[in-house]
file upload_26.cif (mmCIF, C-alpha atoms)
data_structure
#
loop_
_atom_site.label_atom_id
_atom_site.label_comp_id
_atom_site.auth_asym_id
_atom_site.auth_seq_id
_atom_site.Cartn_x
_atom_site.Cartn_y
_atom_site.Cartn_z
CA MET A 1 -21.07 25.80 0.63
CA PHE A 2 -19.05 22.59 0.99
CA PHE A 3 -21.64 20.26 -0.49
CA LYS A 4 -22.74 22.81 -3.05
CA THR A 5 -19.17 22.97 -4.37
CA ALA A 6 -18.86 19.19 -4.38
CA LEU A 7 -22.13 18.87 -6.29
CA LEU A 8 -21.04 21.56 -8.77
CA VAL A 9 -17.82 19.65 -9.49
CA LEU A 10 -19.83 16.47 -9.90
CA ARG A 11 -22.30 18.20 -12.25
CA LYS A 12 -19.45 19.62 -14.34
CA ASP A 13 -17.83 16.19 -14.75
CA PHE A 14 -21.19 14.64 -15.52
CA ALA A 15 -21.97 17.23 -18.22
CA ILE A 16 -18.56 16.74 -19.89
CA GLU A 17 -18.86 12.96 -19.75
CA LEU A 18 -22.41 13.00 -21.11
CA LYS A 19 -21.23 14.81 -24.26
CA SER A 20 -18.51 12.36 -25.27
CA LEU A 21 -19.14 9.26 -23.11
CA GLU A 22 -15.41 8.66 -23.64
CA VAL A 23 -14.35 7.52 -20.17
CA PHE A 24 -17.57 5.59 -19.61
CA THR A 25 -17.47 3.50 -22.77
CA THR A 26 -13.72 2.82 -22.65
CA THR A 27 -13.91 1.79 -18.97
CA LEU A 28 -16.82 -0.52 -19.64
CA PHE A 29 -15.20 -2.25 -22.60
CA PHE A 30 -11.95 -2.56 -20.71
CA ALA A 31 -13.78 -4.25 -17.83
CA LEU A 32 -15.46 -6.57 -20.30
CA SER A 33 -12.14 -7.60 -21.86
CA CYS A 34 -10.70 -8.18 -18.37
CA VAL A 35 -13.52 -10.61 -17.57
CA LEU A 36 -13.03 -12.37 -20.90
CA ILE A 37 -9.26 -12.76 -20.41
CA PHE A 38 -9.82 -14.30 -17.00
CA ALA A 39 -12.51 -16.55 -18.42
CA PHE A 40 -9.99 -17.94 -20.88
CA ALA A 41 -7.37 -18.26 -18.14
CA PHE A 42 -9.53 -20.13 -15.61
CA VAL A 43 -12.35 -21.98 -17.32
CA LYS A 44 -11.62 -25.65 -17.83
CA GLU A 45 -14.00 -27.97 -19.68
CA GLY A 46 -16.68 -25.31 -19.69
CA GLN A 47 -16.63 -24.85 -15.92
CA ALA A 48 -14.92 -22.15 -13.86
CA PRO A 49 -13.44 -22.97 -10.43
CA GLU A 50 -15.90 -22.32 -7.60
CA ASP A 51 -14.46 -19.09 -6.17
CA ALA A 52 -13.09 -17.67 -9.42
CA ALA A 53 -16.07 -15.39 -10.08
CA ALA A 54 -15.38 -13.37 -6.91
CA GLY A 55 -11.76 -12.76 -7.85
CA ILE A 56 -12.54 -11.98 -11.48
CA LEU A 57 -15.23 -9.48 -10.52
CA TRP A 58 -12.93 -7.57 -8.17
CA ILE A 59 -9.94 -7.62 -10.50
CA ALA A 60 -12.13 -6.22 -13.27
CA ILE A 61 -13.34 -3.47 -10.90
CA ALA A 62 -9.80 -2.60 -9.76
CA PHE A 63 -8.31 -2.58 -13.27
CA SER A 64 -11.08 -0.62 -14.94
CA GLY A 65 -11.20 1.74 -11.95
CA THR A 66 -7.51 2.56 -12.40
CA LEU A 67 -8.09 3.20 -16.09
CA ALA A 68 -11.06 5.47 -15.39
CA LEU A 69 -9.10 7.42 -12.74
CA GLY A 70 -6.22 7.96 -15.12
CA ARG A 71 -8.47 9.05 -17.99
CA THR A 72 -10.57 11.42 -15.89
CA PHE A 73 -7.57 13.32 -14.58
CA GLU A 74 -5.77 13.21 -17.93
CA ARG A 75 -8.69 15.19 -19.31
CA GLU A 76 -8.34 17.73 -16.51
CA ARG A 77 -4.62 18.01 -17.17
CA TYR A 78 -5.05 18.37 -20.91
CA GLY A 79 -7.37 21.33 -20.55
CA GLU A 80 -5.42 22.74 -17.58
CA THR A 81 -8.81 22.79 -15.87
CA LEU A 82 -7.56 21.26 -12.63
CA ARG A 83 -5.50 24.39 -12.02
CA ALA A 84 -8.57 26.53 -12.71
CA LEU A 85 -10.55 24.43 -10.24
CA LEU A 86 -7.88 24.87 -7.60
CA LEU A 87 -7.79 28.62 -8.18
CA ALA A 88 -11.51 28.90 -7.51
CA PRO A 89 -12.37 30.34 -4.09
CA ALA A 90 -13.83 27.05 -2.88
CA PRO A 91 -12.82 24.71 -0.06
CA ARG A 92 -10.31 22.28 -1.55
CA PRO A 93 -11.65 19.16 0.22
CA ALA A 94 -14.99 19.90 -1.50
CA LEU A 95 -13.25 19.55 -4.88
CA TYR A 96 -11.95 16.17 -3.74
CA VAL A 97 -15.42 15.07 -2.63
CA GLY A 98 -16.88 16.17 -5.96
CA LYS A 99 -14.30 14.20 -7.89
CA LEU A 100 -14.77 11.20 -5.61
CA LEU A 101 -18.55 11.24 -6.14
CA GLY A 102 -17.98 11.32 -9.91
CA MET A 103 -15.68 8.29 -9.77
CA LEU A 104 -18.13 6.44 -7.53
CA ALA A 105 -20.99 7.09 -9.95
CA LEU A 106 -18.91 5.91 -12.89
CA LEU A 107 -17.71 2.72 -11.23
CA GLY A 108 -21.19 2.14 -9.78
CA VAL A 109 -22.69 2.07 -13.26
CA ALA A 110 -19.85 -0.17 -14.46
CA GLU A 111 -20.58 -2.58 -11.59
CA VAL A 112 -24.29 -2.68 -12.43
CA LEU A 113 -23.24 -4.18 -15.75
CA LEU A 114 -20.24 -6.20 -14.53
CA VAL A 115 -22.02 -8.15 -11.79
CA PRO A 116 -24.74 -9.70 -13.97
CA LEU A 117 -22.14 -10.37 -16.65
CA THR A 118 -19.92 -12.28 -14.20
CA ALA A 119 -22.89 -14.12 -12.77
CA PHE A 120 -24.02 -15.03 -16.28
CA LEU A 121 -20.63 -16.13 -17.64
CA PHE A 122 -19.48 -18.14 -14.61
CA GLN A 123 -22.81 -19.51 -13.35
CA ALA A 124 -22.12 -17.72 -10.06
CA ALA A 125 -24.97 -17.26 -7.58
CA LEU A 126 -24.09 -13.61 -6.99
CA PHE A 127 -27.69 -12.60 -6.39
CA SER A 128 -28.46 -14.99 -3.55
CA ARG A 129 -27.97 -12.21 -0.95
CA PRO A 130 -28.31 -9.02 -3.00
CA TRP A 131 -28.06 -6.54 -0.10
CA LEU A 132 -24.86 -8.03 1.27
CA LEU A 133 -23.36 -7.93 -2.22
CA VAL A 134 -24.38 -4.27 -2.55
CA GLY A 135 -22.74 -3.60 0.83
CA LEU A 136 -19.50 -5.25 -0.24
CA LEU A 137 -19.44 -3.47 -3.60
CA ALA A 138 -20.22 -0.09 -2.03
CA GLY A 139 -17.64 -0.47 0.72
CA GLY A 140 -14.98 -1.71 -1.67
CA THR A 141 -15.63 0.90 -4.34
CA ILE A 142 -15.59 3.78 -1.84
CA GLY A 143 -12.28 2.57 -0.37
CA PHE A 144 -10.69 2.05 -3.78
CA CYS A 145 -11.90 5.40 -5.17
CA ALA A 146 -11.01 7.34 -1.98
CA VAL A 147 -7.33 6.45 -2.31
CA GLY A 148 -7.43 6.39 -6.12
CA THR A 149 -8.95 9.86 -6.53
CA LEU A 150 -6.37 11.43 -4.23
CA PHE A 151 -3.45 9.64 -5.90
CA ALA A 152 -4.65 10.36 -9.45
CA ALA A 153 -5.20 14.03 -8.55
CA MET A 154 -1.76 14.45 -7.04
CA LEU A 155 -0.04 12.53 -9.84
CA VAL A 156 -1.39 14.98 -12.42
CA ARG A 157 1.77 17.00 -11.76
CA ALA A 158 4.18 14.03 -11.88
CA ARG A 159 6.01 12.51 -14.78
CA SER A 160 5.26 8.88 -15.82
CA ARG A 161 1.93 9.25 -14.01
CA ASP A 162 0.16 6.55 -16.01
CA VAL A 163 2.45 3.81 -14.72
CA LEU A 164 2.95 5.26 -11.23
CA LEU A 165 -0.80 5.28 -10.46
CA PRO A 166 -1.25 1.49 -10.43
CA ILE A 167 2.17 0.95 -8.80
CA LEU A 168 1.17 3.13 -5.85
CA LEU A 169 -2.55 2.38 -5.76
CA TYR A 170 -2.61 -1.43 -5.81
CA PRO A 171 -0.43 -2.13 -2.75
CA ILE A 172 -2.41 0.37 -0.69
CA THR A 173 -5.79 -0.99 -1.76
CA ILE A 174 -4.83 -4.64 -1.13
CA PRO A 175 -7.07 -4.77 1.98
CA VAL A 176 -10.03 -3.70 -0.21
CA ILE A 177 -9.30 -6.47 -2.69
CA ILE A 178 -8.84 -9.10 0.04
CA ALA A 179 -12.04 -8.03 1.82
CA GLY A 180 -14.02 -7.76 -1.42
CA VAL A 181 -12.91 -11.10 -2.82
CA ARG A 182 -13.25 -13.05 0.45
CA GLY A 183 -16.62 -11.44 1.22
CA THR A 184 -17.97 -12.18 -2.25
CA ALA A 185 -16.59 -15.73 -2.10
CA ALA A 186 -18.45 -16.20 1.21
CA LEU A 187 -21.68 -15.19 -0.58
CA LEU A 188 -20.95 -17.66 -3.39
CA ALA A 189 -20.62 -20.60 -0.97
CA SER A 190 -23.65 -22.83 -0.65
CA PRO A 191 -25.34 -21.95 1.61
CA PRO A 192 -24.08 -18.33 1.63
CA ASP A 193 -21.95 -17.59 4.69
CA GLU A 194 -23.65 -14.40 5.91
CA PRO A 195 -21.66 -13.66 9.13
CA VAL A 196 -18.36 -13.79 7.21
CA ALA A 197 -19.66 -11.40 4.55
CA VAL A 198 -20.95 -9.01 7.24
CA MET A 199 -17.54 -9.08 8.96
CA TRP A 200 -15.77 -8.16 5.70
CA ILE A 201 -18.26 -5.33 5.15
CA GLY A 202 -17.29 -4.06 8.61
CA ILE A 203 -13.58 -4.12 7.73
CA LEU A 204 -14.32 -2.31 4.47
CA ALA A 205 -16.31 0.35 6.36
CA ALA A 206 -13.37 0.91 8.75
CA PHE A 207 -10.99 1.17 5.79
CA ASP A 208 -13.31 3.70 4.10
CA VAL A 209 -13.57 5.89 7.20
CA VAL A 210 -9.80 5.96 7.76
CA PHE A 211 -8.83 6.58 4.15
CA VAL A 212 -11.54 9.13 3.30
CA THR A 213 -10.49 11.08 6.42
CA LEU A 214 -6.80 10.83 5.50
CA SER A 215 -7.55 11.97 1.94
CA LEU A 216 -9.61 14.98 3.06
CA TRP A 217 -6.82 15.85 5.47
CA THR A 218 -3.95 15.60 2.96
CA PHE A 219 -5.70 16.89 -0.19
CA GLU A 220 -5.18 20.56 0.65
CA PRO A 221 -1.39 20.48 1.28
CA LEU A 222 -0.88 18.02 -1.59
CA MET A 223 -2.59 20.18 -4.19
CA THR A 224 -0.83 23.39 -3.10
CA GLU A 225 2.18 24.03 -5.30
CA MET B 226 26.61 12.57 14.69
CA ARG B 227 29.68 12.85 12.45
CA ARG B 228 32.04 12.60 15.43
CA PHE B 229 30.42 9.37 16.58
CA PHE B 230 30.18 7.87 13.12
CA THR B 231 33.57 6.13 12.93
CA PRO B 232 33.56 4.66 16.47
CA LEU B 233 29.97 3.49 15.94
CA ALA B 234 30.89 1.94 12.61
CA VAL B 235 33.79 0.06 14.21
CA LEU B 236 31.59 -1.10 17.08
CA THR B 237 28.85 -2.30 14.70
CA ALA B 238 31.38 -4.16 12.55
CA LEU B 239 32.85 -5.88 15.61
CA MET B 240 29.40 -6.78 16.94
CA LEU B 241 28.29 -8.23 13.61
CA ALA B 242 31.58 -10.13 13.29
CA TYR B 243 31.14 -11.68 16.73
CA ALA B 244 27.41 -12.41 16.25
CA PRO B 245 27.93 -15.76 14.42
CA VAL B 246 29.95 -17.06 17.41
CA LEU B 247 27.17 -16.17 19.83
CA ILE B 248 24.52 -17.62 17.53
CA ALA B 249 26.47 -20.85 17.08
CA ASN B 250 26.77 -21.25 20.85
CA ALA B 251 23.10 -20.50 21.55
CA PRO B 252 20.94 -23.52 22.46
CA PHE B 253 19.12 -25.40 19.70
CA GLU B 254 15.39 -24.99 19.45
CA SER B 255 13.78 -28.35 20.29
CA THR B 256 11.66 -28.93 17.15
CA MET B 257 13.34 -26.83 14.43
CA GLY B 258 16.99 -27.37 15.34
CA LEU B 259 19.64 -25.60 13.32
CA ILE B 260 17.26 -23.89 10.92
CA GLN B 261 15.77 -21.83 13.74
CA LYS B 262 19.07 -19.90 14.04
CA ILE B 263 18.13 -17.72 11.06
CA PHE B 264 15.72 -16.08 13.49
CA TYR B 265 18.65 -14.13 15.02
CA PHE B 266 19.01 -12.19 11.77
CA HIS B 267 15.46 -12.44 10.44
CA VAL B 268 13.62 -10.78 13.33
CA PRO B 269 16.14 -7.94 13.92
CA SER B 270 15.97 -7.00 10.23
CA TRP B 271 12.18 -6.59 10.55
CA PHE B 272 12.71 -4.49 13.68
CA ALA B 273 15.01 -2.24 11.66
CA MET B 274 12.60 -2.14 8.72
CA PHE B 275 9.58 -1.10 10.75
CA THR B 276 11.67 1.52 12.56
CA GLY B 277 12.47 2.93 9.12
CA VAL B 278 8.83 2.83 8.03
CA PHE B 279 7.77 4.59 11.21
CA ILE B 280 10.42 7.32 10.88
CA CYS B 281 9.51 7.81 7.22
CA GLY B 282 5.78 8.10 8.03
CA ILE B 283 6.23 10.60 10.85
CA ALA B 284 8.77 12.67 8.88
CA SER B 285 6.37 12.70 5.92
CA VAL B 286 3.49 14.02 8.03
CA VAL B 287 5.73 16.84 9.30
CA TYR B 288 7.02 17.57 5.80
CA LEU B 289 3.57 17.65 4.21
CA PHE B 290 2.12 20.06 6.75
CA LYS B 291 5.16 22.16 7.72
CA GLY B 292 7.18 21.94 4.50
CA ARG B 293 10.58 21.72 6.19
CA PRO B 294 13.02 20.24 3.64
CA GLN B 295 15.14 18.51 6.29
CA THR B 296 12.19 16.30 7.29
CA ASP B 297 11.85 15.23 3.67
CA ARG B 298 15.51 14.22 3.65
CA LEU B 299 14.93 12.14 6.79
CA ALA B 300 11.91 10.49 5.13
CA VAL B 301 13.72 9.44 1.96
CA ALA B 302 16.73 8.16 3.90
CA ALA B 303 14.51 6.14 6.24
CA ALA B 304 12.51 4.72 3.33
CA GLU B 305 15.59 3.58 1.48
CA VAL B 306 17.14 1.89 4.52
CA ALA B 307 13.76 0.32 5.36
CA VAL B 308 13.55 -1.22 1.89
CA VAL B 309 17.05 -2.70 2.28
CA PHE B 310 16.25 -4.28 5.66
CA GLY B 311 12.89 -5.44 4.33
CA LEU B 312 14.73 -7.20 1.55
CA ILE B 313 16.93 -9.00 4.11
CA GLY B 314 13.77 -10.09 5.93
CA LEU B 315 12.11 -11.24 2.71
CA VAL B 316 15.16 -13.31 1.76
CA THR B 317 15.81 -14.88 5.17
CA GLY B 318 12.10 -15.69 5.72
CA PRO B 319 11.64 -18.05 2.74
CA LEU B 320 15.01 -19.74 3.51
CA TRP B 321 13.56 -20.71 6.88
CA ALA B 322 10.12 -21.50 5.50
CA ARG B 323 11.49 -23.95 2.91
CA LYS B 324 12.92 -26.13 5.69
CA SER B 325 10.21 -25.56 8.28
CA TRP B 326 6.98 -25.45 6.24
CA GLY B 327 8.32 -27.24 3.14
CA VAL B 328 7.40 -24.32 0.87
CA TRP B 329 9.17 -21.07 0.07
CA TRP B 330 6.15 -18.87 0.52
CA GLN B 331 2.81 -18.95 2.35
CA TRP B 332 -0.02 -16.41 2.02
CA ASP B 333 0.07 -15.72 5.70
CA ALA B 334 -0.76 -12.51 7.61
CA HIS B 335 2.79 -11.56 8.53
CA LEU B 336 4.24 -12.46 5.15
CA THR B 337 1.53 -10.64 3.22
CA MET B 338 1.86 -7.54 5.39
CA ALA B 339 5.64 -7.50 5.08
CA LEU B 340 5.48 -7.93 1.30
CA ILE B 341 2.86 -5.20 0.87
CA VAL B 342 4.74 -2.72 3.07
CA GLU B 343 7.90 -3.47 1.11
CA LEU B 344 6.00 -2.90 -2.16
CA ILE B 345 4.54 0.39 -0.92
CA PHE B 346 7.99 1.70 -0.02
CA VAL B 347 9.53 0.48 -3.28
CA GLY B 348 6.68 2.43 -4.94
CA TYR B 349 7.62 5.40 -2.79
CA LEU B 350 11.22 5.25 -4.07
CA LEU B 351 10.03 4.74 -7.67
CA LEU B 352 7.83 7.82 -7.40
CA ARG B 353 10.79 9.85 -6.16
CA ALA B 354 13.04 8.51 -8.90
CA TYR B 355 10.69 8.93 -11.86
CA GLY B 356 8.03 11.36 -10.69
CA GLY B 357 9.97 14.47 -11.72
CA PRO B 358 9.99 17.78 -9.85
CA GLY B 359 7.53 18.08 -6.99
CA SER B 360 7.44 14.35 -6.29
CA GLU B 361 8.77 14.87 -2.72
CA LYS B 362 5.37 16.06 -1.60
CA LEU B 363 3.51 13.31 -3.44
CA SER B 364 5.74 10.63 -1.99
CA ALA B 365 5.05 12.02 1.49
CA ALA B 366 1.38 11.19 0.92
CA VAL B 367 2.33 7.67 -0.20
CA ALA B 368 4.33 7.19 3.03
CA ILE B 369 1.42 8.39 5.20
CA PHE B 370 -1.07 6.15 3.40
CA GLY B 371 1.38 3.26 3.53
CA MET B 372 1.78 3.61 7.27
CA ALA B 373 -1.99 3.84 7.80
CA ASN B 374 -2.38 0.72 5.68
CA VAL B 375 -0.24 -1.57 7.86
CA PRO B 376 -2.97 -2.49 10.41
CA PHE B 377 -5.53 -3.13 7.64
CA VAL B 378 -3.31 -5.50 5.72
CA TYR B 379 -2.47 -7.22 8.98
CA VAL B 380 -6.09 -7.66 10.10
CA SER B 381 -7.43 -8.74 6.72
CA ALA B 382 -4.61 -11.19 6.06
CA ASN B 383 -4.82 -12.47 9.64
CA ILE B 384 -8.47 -13.44 9.21
CA TRP B 385 -7.59 -14.91 5.87
CA ARG B 386 -5.06 -17.38 7.30
CA THR B 387 -1.99 -17.52 9.49
CA VAL B 388 0.79 -20.07 9.98
CA HIS B 389 3.68 -17.77 10.92
CA PRO B 390 5.09 -18.36 14.42
CA PRO B 391 3.34 -15.84 16.71
CA THR B 392 5.38 -12.68 17.27
CA SER B 393 4.50 -12.95 20.97
CA VAL B 394 7.47 -15.34 21.38
CA VAL B 395 9.82 -12.36 21.21
CA PRO B 396 8.91 -10.47 24.43
CA GLU B 397 8.63 -13.78 26.32
CA LEU B 398 12.02 -15.00 25.18
CA GLY B 399 13.77 -14.20 28.48
CA ARG B 400 11.36 -16.47 30.37
CA THR B 401 10.87 -19.34 27.91
CA ALA B 402 14.39 -19.63 26.50
CA PRO B 403 16.93 -17.68 28.55
CA GLY B 404 19.82 -19.12 26.51
CA MET B 405 18.40 -17.60 23.32
CA ALA B 406 17.43 -14.22 24.74
CA GLY B 407 21.02 -12.98 25.12
CA PRO B 408 22.20 -13.65 21.56
CA PHE B 409 18.84 -12.46 20.20
CA TRP B 410 18.91 -9.03 21.86
CA TYR B 411 22.60 -8.76 20.98
CA CYS B 412 21.67 -9.21 17.30
CA VAL B 413 18.81 -6.73 17.63
CA LEU B 414 21.23 -4.17 19.04
CA ALA B 415 23.75 -4.83 16.26
CA PHE B 416 21.06 -4.45 13.59
CA MET B 417 19.68 -1.27 15.14
CA LEU B 418 23.21 0.17 15.25
CA LEU B 419 23.65 -0.77 11.60
CA PHE B 420 20.30 0.88 10.84
CA THR B 421 21.37 4.07 12.65
CA LEU B 422 24.65 4.15 10.75
CA LEU B 423 23.10 3.65 7.32
CA PHE B 424 20.30 6.07 8.12
CA SER B 425 22.65 8.84 9.26
CA ALA B 426 25.01 8.30 6.32
CA ARG B 427 22.06 8.44 3.91
CA THR B 428 20.65 11.59 5.55
CA HIS B 429 24.08 13.18 5.36
CA LEU B 430 24.32 12.34 1.65
CA GLU B 431 20.88 13.85 1.05
CA ARG B 432 21.87 17.02 2.90
CA ARG B 433 25.03 17.34 0.82
CA ARG B 434 23.02 16.87 -2.35
CA ALA B 435 20.66 19.69 -1.32
CA GLU B 436 23.66 21.92 -0.62
CA LEU B 437 25.12 21.11 -4.03
CA ASP B 438 21.80 21.91 -5.74
CA GLU B 439 21.75 25.25 -3.99
CA LEU B 440 25.29 26.03 -5.12
CA TYR B 441 24.33 25.23 -8.72
CA LEU B 442 21.35 27.55 -8.43
CA ASP B 443 23.55 30.34 -7.06
CA GLU B 444 26.03 29.79 -9.88
CA GLU B 445 23.30 30.15 -12.49
CA GLU B 446 22.06 33.42 -11.04
#

call {"tool": "encode", "arguments": {"input": "upload_26.cif", "output": "structure tokens"}}
result
Amino acid sequence: MFFKTALLVLRKDFAIELKSLEVFTTTLFFALSCVLIFAFAFVKEGQAPEDAAAGILWIAIAFSGTLALGRTFERERYGETLRALLLAPAPRPALYVGKLLGMLALLGVAEVLLVPLTAFLFQAALFSRPWLLVGLLAGGTIGFCAVGTLFAAMLVRARSRDVLLPILLYPITIPVIIAGVRGTAALLASPPDEPVAVMWIGILAAFDVVFVTLSLWTFEPLMTE
Amino acid sequence: MRRFFTPLAVLTALMLAYAPVLIANAPFESTMGLIQKIFYFHVPSWFAMFTGVFICGIASVVYLFKGRPQTDRLAVAAAEVAVVFGLIGLVTGPLWARKSWGVWWQWDAHLTMALIVELIFVGYLLLRAYGGPGSEKLSAAVAIFGMANVPFVYVSANIWRTVHPPTSVVPELGRTAPGMAGPFWYCVLAFMLLFTLLFSARTHLERRRAELDELYLDEEE
């Protein structure tokens, strides 16, 4: 029942998105412009500083993730469909999981395009240890989306939600950004510093466990009016 | 609490007025000298701030799951006082750092954690101020997440780099520097009294505001 509901929510979001591709295309182009802005800010004489690619990649993920979260729930609010979802006789945490899976899929696809782009534009050896990079990206994205999905869902009812989401989300996801950037920078070093990257993946995993649990625990009372 | 408020306020004022005398007479730290004396105000303000954060987090958990409005009033009062004491800590810290490290700011574990916790609770207050009706519940979630975040920021920033004097000097103060321990714990007590005063005054104000809202509602009906 739980996973069936979560998958139904995911399928619903996927079907809506597939029709318009609105959130997907805007998120992707926003991420692209982020990378370009940072390229102009950091690149000197045709060469970016050594570690810059790691920071740029994660900032692009965090910024475009915030935009995607805001847009996804704005759509729910506009159609008053979030209320309908909450009225459905389904376990509320399952709705959260469904929404979270949708965000993860969206950001996952965005990352598949962002990583090669960053590697290409900044001559960064991001693919030297592909599995560790996947681990970092997965851990970081789950942590960011776990907090982000809960906050975006609860802010649907608040005023000035578009500005409050980043204000509240960024300070709380700072550990994700630190771990992601430092872990990716360790992979960019020559030779890649594997133990450091593995340690950051461990911290990300701990963050994910704590914050997914907290979100599942608080989603029900938060979404009850 | 109201009966004790005035005597406590007088006591706190006297303690804070006498604190500079005690601090001036305390022994000088061997390497840092005069600049180390800011520590008598810097550390107690962080004590007060984290007490506020802790009260706010616990009160928020109770409010979110039990829905008692008085716990929400405690949470907002604690958050506001915590932000004020955090600000004192964030101002006194760089003053010391400029003389001791030669720079105003370092991306160190303690500093990063303190700044992030301060930001989270400023966000908490912003959400309450501009979030509109129903934001009490949402801000409770922010407080819970903020409290859960403290160890993560600490660990990740600690691995990143650390230059801050270890906090372990505080419990060992009585053994390593008996001349400093007295004035230090005196200042801690004064700051905690000040925290209690501000916190209770702020809670009282919040309670009165709720009463006023109720009266308005009755009037409309």

call {"tool": "interface_residues", "arguments": {"input": "upload_26.cif", "of": "chain B", "to": "chain A", "cutoff": "12 Å", "atoms": "only C-alpha atoms", "output": "JSON, numbers by chain"}}
result
{"B": [285, 286, 287, 288, 289, 290, 291, 292, 332, 334, 337, 338, 339, 340, 341, 342, 343, 344, 345, 346, 347, 348, 349, 350, 351, 352, 353, 354, 355, 356, 357, 358, 359, 360, 361, 362, 363, 364, 365, 366, 367, 368, 369, 370, 371, 372, 373, 374, 375, 376, 377, 378, 379, 380, 381, 382, 383, 384, 385, 386]}

call {"tool": "resolve_selection", "arguments": {"input": "upload_26.cif", "expression": "the PyMOL selection byres ((chain B and resi 240) around 12)", "output": "PDB file with C-alpha atoms, in the frame of the given file"}}
result
ATOM      1  CA  LEU B 233      29.970   3.490  15.940  1.00  0.00           C
ATOM      2  CA  ALA B 234      30.890   1.940  12.610  1.00  0.00           C
ATOM      3  CA  VAL B 235      33.790   0.060  14.210  1.00  0.00           C
ATOM      4  CA  LEU B 236      31.590  -1.100  17.080  1.00  0.00           C
ATOM      5  CA  THR B 237      28.850  -2.300  14.700  1.00  0.00           C
ATOM      6  CA  ALA B 238      31.380  -4.160  12.550  1.00  0.00           C
ATOM      7  CA  LEU B 239      32.850  -5.880  15.610  1.00  0.00           C
ATOM      8  CA  LEU B 241      28.290  -8.230  13.610  1.00  0.00           C
ATOM      9  CA  ALA B 242      31.580 -10.130  13.290  1.00  0.00           C
ATOM     10  CA  TYR B 243      31.140 -11.680  16.730  1.00  0.00           C
ATOM     11  CA  ALA B 244      27.410 -12.410  16.250  1.00  0.00           C
ATOM     12  CA  PRO B 245      27.930 -15.760  14.420  1.00  0.00           C
ATOM     13  CA  VAL B 246      29.950 -17.060  17.410  1.00  0.00           C
ATOM     14  CA  LEU B 247      27.170 -16.170  19.830  1.00  0.00           C
ATOM     15  CA  ILE B 248      24.520 -17.620  17.530  1.00  0.00           C
ATOM     16  CA  PRO B 408      22.200 -13.650  21.560  1.00  0.00           C
ATOM     17  CA  TRP B 410      18.910  -9.030  21.860  1.00  0.00           C
ATOM     18  CA  TYR B 411      22.600  -8.760  20.980  1.00  0.00           C
ATOM     19  CA  CYS B 412      21.670  -9.210  17.300  1.00  0.00           C
ATOM     20  CA  VAL B 413      18.810  -6.730  17.630  1.00  0.00           C
ATOM     21  CA  LEU B 414      21.230  -4.170  19.040  1.00  0.00           C
ATOM     22  CA  ALA B 415      23.750  -4.830  16.260  1.00  0.00           C
ATOM     23  CA  PHE B 416      21.060  -4.450  13.590  1.00  0.00           C
ATOM     24  CA  MET B 417      19.680  -1.270  15.140  1.00  0.00           C
ATOM     25  CA  LEU B 418      23.210   0.170  15.250  1.00  0.00           C
ATOM     26  CA  LEU B 419      23.650  -0.770  11.600  1.00  0.00           C
TER      27      LEU B 419
END

call {"tool": "resolve_selection", "arguments": {"input": "upload_26.cif", "expression": "the PyMOL selection byres ((chain A and resi 109) around 12)", "output": "count of residues only"}}
result
24

call {"tool": "residues_around", "arguments": {"input": "upload_26.cif", "residues": "Val306 of chain B", "least_positions_apart": "4", "cutoff": "8 Å", "atoms": "all atoms listed in the file", "output": "count of residues only"}}
result
7

call {"tool": "resolve_selection", "arguments": {"input": "upload_26.cif", "expression": "the PyMOL selection byres ((chain A and resi 82) around 12)", "output": "ChimeraX atom specification"}}
result
/A:9,13,72-81,83-88,92,95-96,99,152-157,223-224

call {"tool": "residues_around", "arguments": {"input": "upload_26.cif", "residues": "Arg71 of chain A", "least_positions_apart": "5", "cutoff": "9 Å", "atoms": "only C-alpha atoms", "output": "list in words"}}
result
Glu22, Val23, Thr66 and Glu76 of chain A

call {"tool": "atom_distance", "arguments": {"input": "upload_26.cif", "atom1": "atom CA of Gln261 of chain B", "atom2": "atom CA of Phe279 of chain B"}}
result
27.7 Å

call {"tool": "atom_distance", "arguments": {"input": "upload_26.cif", "atom1": "atom CA of Val35 of chain A", "atom2": "atom CA of Ala62 of chain A"}}
result
11.8 Å

call {"tool": "atom_distance", "arguments": {"input": "upload_26.cif", "atom1": "atom CA of Glu254 of chain B", "atom2": "atom CA of Met405 of chain B"}}
result
8.9 Å

call {"tool": "closest_residue", "arguments": {"input": "upload_26.cif", "among": "B:Gly407, B:Gly311, B:Pro294, B:Gly318", "to": "Trp330 of chain B", "atoms": "only C-alpha atoms"}}
result
B:Gly318

call {"tool": "residues_around", "arguments": {"input": "upload_26.cif", "residues": "segment 435-444 of chain B", "least_positions_apart": "2", "cutoff": "12 Å", "atoms": "all atoms listed in the file", "output": "PDB file with C-alpha atoms, in the coordinates of the input"}}
result
ATOM      1  CA  PRO B 294      13.020  20.240   3.640  1.00  0.00           C
ATOM      2  CA  GLN B 295      15.140  18.510   6.290  1.00  0.00           C
ATOM      3  CA  ASP B 297      11.850  15.230   3.670  1.00  0.00           C
ATOM      4  CA  ARG B 298      15.510  14.220   3.650  1.00  0.00           C
ATOM      5  CA  THR B 428      20.650  11.590   5.550  1.00  0.00           C
ATOM      6  CA  HIS B 429      24.080  13.180   5.360  1.00  0.00           C
ATOM      7  CA  LEU B 430      24.320  12.340   1.650  1.00  0.00           C
ATOM      8  CA  GLU B 431      20.880  13.850   1.050  1.00  0.00           C
ATOM      9  CA  ARG B 432      21.870  17.020   2.900  1.00  0.00           C
ATOM     10  CA  ARG B 433      25.030  17.340   0.820  1.00  0.00           C
ATOM     11  CA  GLU B 446      22.060  33.420 -11.040  1.00  0.00           C
TER      12      GLU B 446
END
